[in-house]
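Colleague: Quick one: structure below, then a few questions.
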Amino acid sequence: MPETLTPDRRAVARDTPERRRHAREPFVEFRDVSKAYGTKQVLRGANLTVYRGEVLVILGGSGTGKSVTLRHMLGLEAPDAGRVLVEDEDITDFPEEELYRVRKKFGMLFQSGALFDSMTVFENVAFPLREHTDMGEDEIARAVRERLELVNLPNTEHLMPVDLSGGMRKRVGLARSIVLDPKMILYDEPTTGLDPITAQKINELIIDLQAKLNVTSVVVTHDIQSAFSVGDRVAFLNKGVFEWVGTMDEARDADHPILREFLKASAVEAAQPLKTS
């Protein structure tokens, strides 16, 4: 299990030489990005910068475009207007073969873990290596073991997804997302559906991997406790634009009325006692 990190140790974990060297260096930029699906306008001239080495949390209500934002970062969606840059490359008009190269820079943890139910844990984690590299089986086996150890799941290679708890499925999905050594990890609701203790272990794992792998991370979440546990900065998405961006400390005292209401409502919901039948 991941070791619990106190606030001071979280700061130490984040303050690596690699992160200091790349401080304020953009990794992903959105410049006036707009996206509509039929008559539904989702992004309306959105501007955002994700800096290398940080954990940026994207907050916003349901249907505000958080997952659409992630898909634009991956080049799975093209904006109707505006530009998307990844490491200073404008990927907006890239052909599919160029986007394929860009996507190798990213790892993605899907909300459900998105494991192949017919494959063992080993086969799930090994899948990207077999699809995208020429590694031999011994190398693949070593890489899979290393990634499973990083997510605190040693000796689980033989298990099937049906044998795993929700938290374990998320961790296997995370091992698969980092097996190709991405520069950025995208987390889509990493703690959704988990009990509070398991959710906190996932938060601690995000922080731990951030320090060990020197990656950049974007976390989409409704979980305010998770947001403040893992984030360096928060970007609040409302009505298709990032209306407020700042540090986690600044967010606590933000004078943006909708963000304040969002944080307040989420905190109240999180504090509600569990219903018993």
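Ordered as shown in the structure tokens, chains take letters A, B, and onward, while each chain numbers its residues from 1 and ligands are numbered from 1 in the order shown.
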Please extract the residues of segment 29-144 of chain A with a backbone DSSP assignment of strand (DSSP E) and present them as a PyMOL selection string.
Modeller: chain A and resi 29-37+40-51+55-59+81-86+89-90+106-109
Colleague: Let me make sure I understand: among A:Leu263, A:Ile91, A:Val57, A:Val121, which one has the smallest atom-to-atom distance to Asp163 of chain A if we use only C-alpha atoms?
Modeller: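 Once distances to Asp163 of chain A are computed over only C-alpha atoms, the minimum belongs to A:Val121.
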Colleague: Show me, as a VMD selection string, the residues that have an atom within 12 Å of Ala227 of chain A when counting only C-alpha atoms, minus same-chain residues fewer than 3 positions from it.
Modeller: chain A and resid 55 to 60 187 189 to 191 199 to 200 202 to 204 206 to 207 218 to 224 230 to 236 247 to 249 251 to 252 263 266 to 267
Colleague: Need the shell around Leu74 of chain A: protein/DNA/RNA residues with any atom at most 10 Å away, counting only C-alpha atoms. Skip same-chain ones fewer than 2 positions apart. Format as JSON, numbers by chain?
Modeller: {"A": [68, 69, 70, 71, 72, 76, 77, 78, 84, 86, 91, 99, 100, 102, 103, 104, 105, 106, 107, 108, 186]}
Colleague: From the set A:His256, A:Arg83, A:His132, A:Arg171, which residue has the shortest atom-to-atom contact distance to Leu237 of chain A, counting only C-alpha atoms?
Modeller: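 Under the stated criterion, the closest residue is A:His256.
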Colleague: Which residues come within 12 Å of Glu131 of chain A, counting only C-alpha atoms, excluding same-chain residues fewer than 6 positions away, as a ChimeraX atom specification?
Modeller: /A:104,123-125,140,179-180
Colleague: Using N, CA and C atoms, can you export the residues from the last selection as an mmCIF file, in the first residue's frame?
Modeller:
```cif
data_model
loop_
_atom_site.group_PDB
_atom_site.id
_atom_site.type_symbol
_atom_site.label_atom_id
_atom_site.label_comp_id
_atom_site.auth_asym_id
_atom_site.auth_seq_id
_atom_site.Cartn_x
_atom_site.Cartn_y
_atom_site.Cartn_z
ATOM 1 N N LYS A 104 1.923 9.313 -27.989
ATOM 2 C CA LYS A 104 2.872 8.516 -27.208
ATOM 3 C C LYS A 104 3.425 9.287 -26.011
ATOM 4 N N GLU A 123 -1.403 -9.349 -19.037
ATOM 5 C CA GLU A 123 -1.715 -9.085 -20.445
ATOM 6 C C GLU A 123 -2.263 -7.687 -20.651
ATOM 7 N N ASN A 124 -3.039 -7.180 -19.690
ATOM 8 C CA ASN A 124 -3.553 -5.815 -19.788
ATOM 9 C C ASN A 124 -2.422 -4.793 -19.780
ATOM 10 N N VAL A 125 -1.485 -4.957 -18.847
ATOM 11 C CA VAL A 125 -0.389 -3.982 -18.737
ATOM 12 C C VAL A 125 0.579 -4.124 -19.906
ATOM 13 N N ILE A 140 9.410 -7.258 -21.792
ATOM 14 C CA ILE A 140 8.023 -6.936 -21.471
ATOM 15 C C ILE A 140 7.690 -7.393 -20.060
ATOM 16 N N VAL A 179 3.206 2.393 -18.691
ATOM 17 C CA VAL A 179 4.159 1.380 -19.128
ATOM 18 C C VAL A 179 5.009 1.854 -20.307
ATOM 19 N N LEU A 180 4.520 2.831 -21.088
ATOM 20 C CA LEU A 180 5.299 3.377 -22.202
ATOM 21 C C LEU A 180 6.077 4.632 -21.809
#
```
Colleague: Find, counting only C-alpha atoms, the residue in A:Pro95, A:Asp80, A:Leu209, A:Arg169 that gets nearest to Gly193 of chain A.
Modeller: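 The answer is A:Arg169, which sits nearest to Gly193 of chain A.
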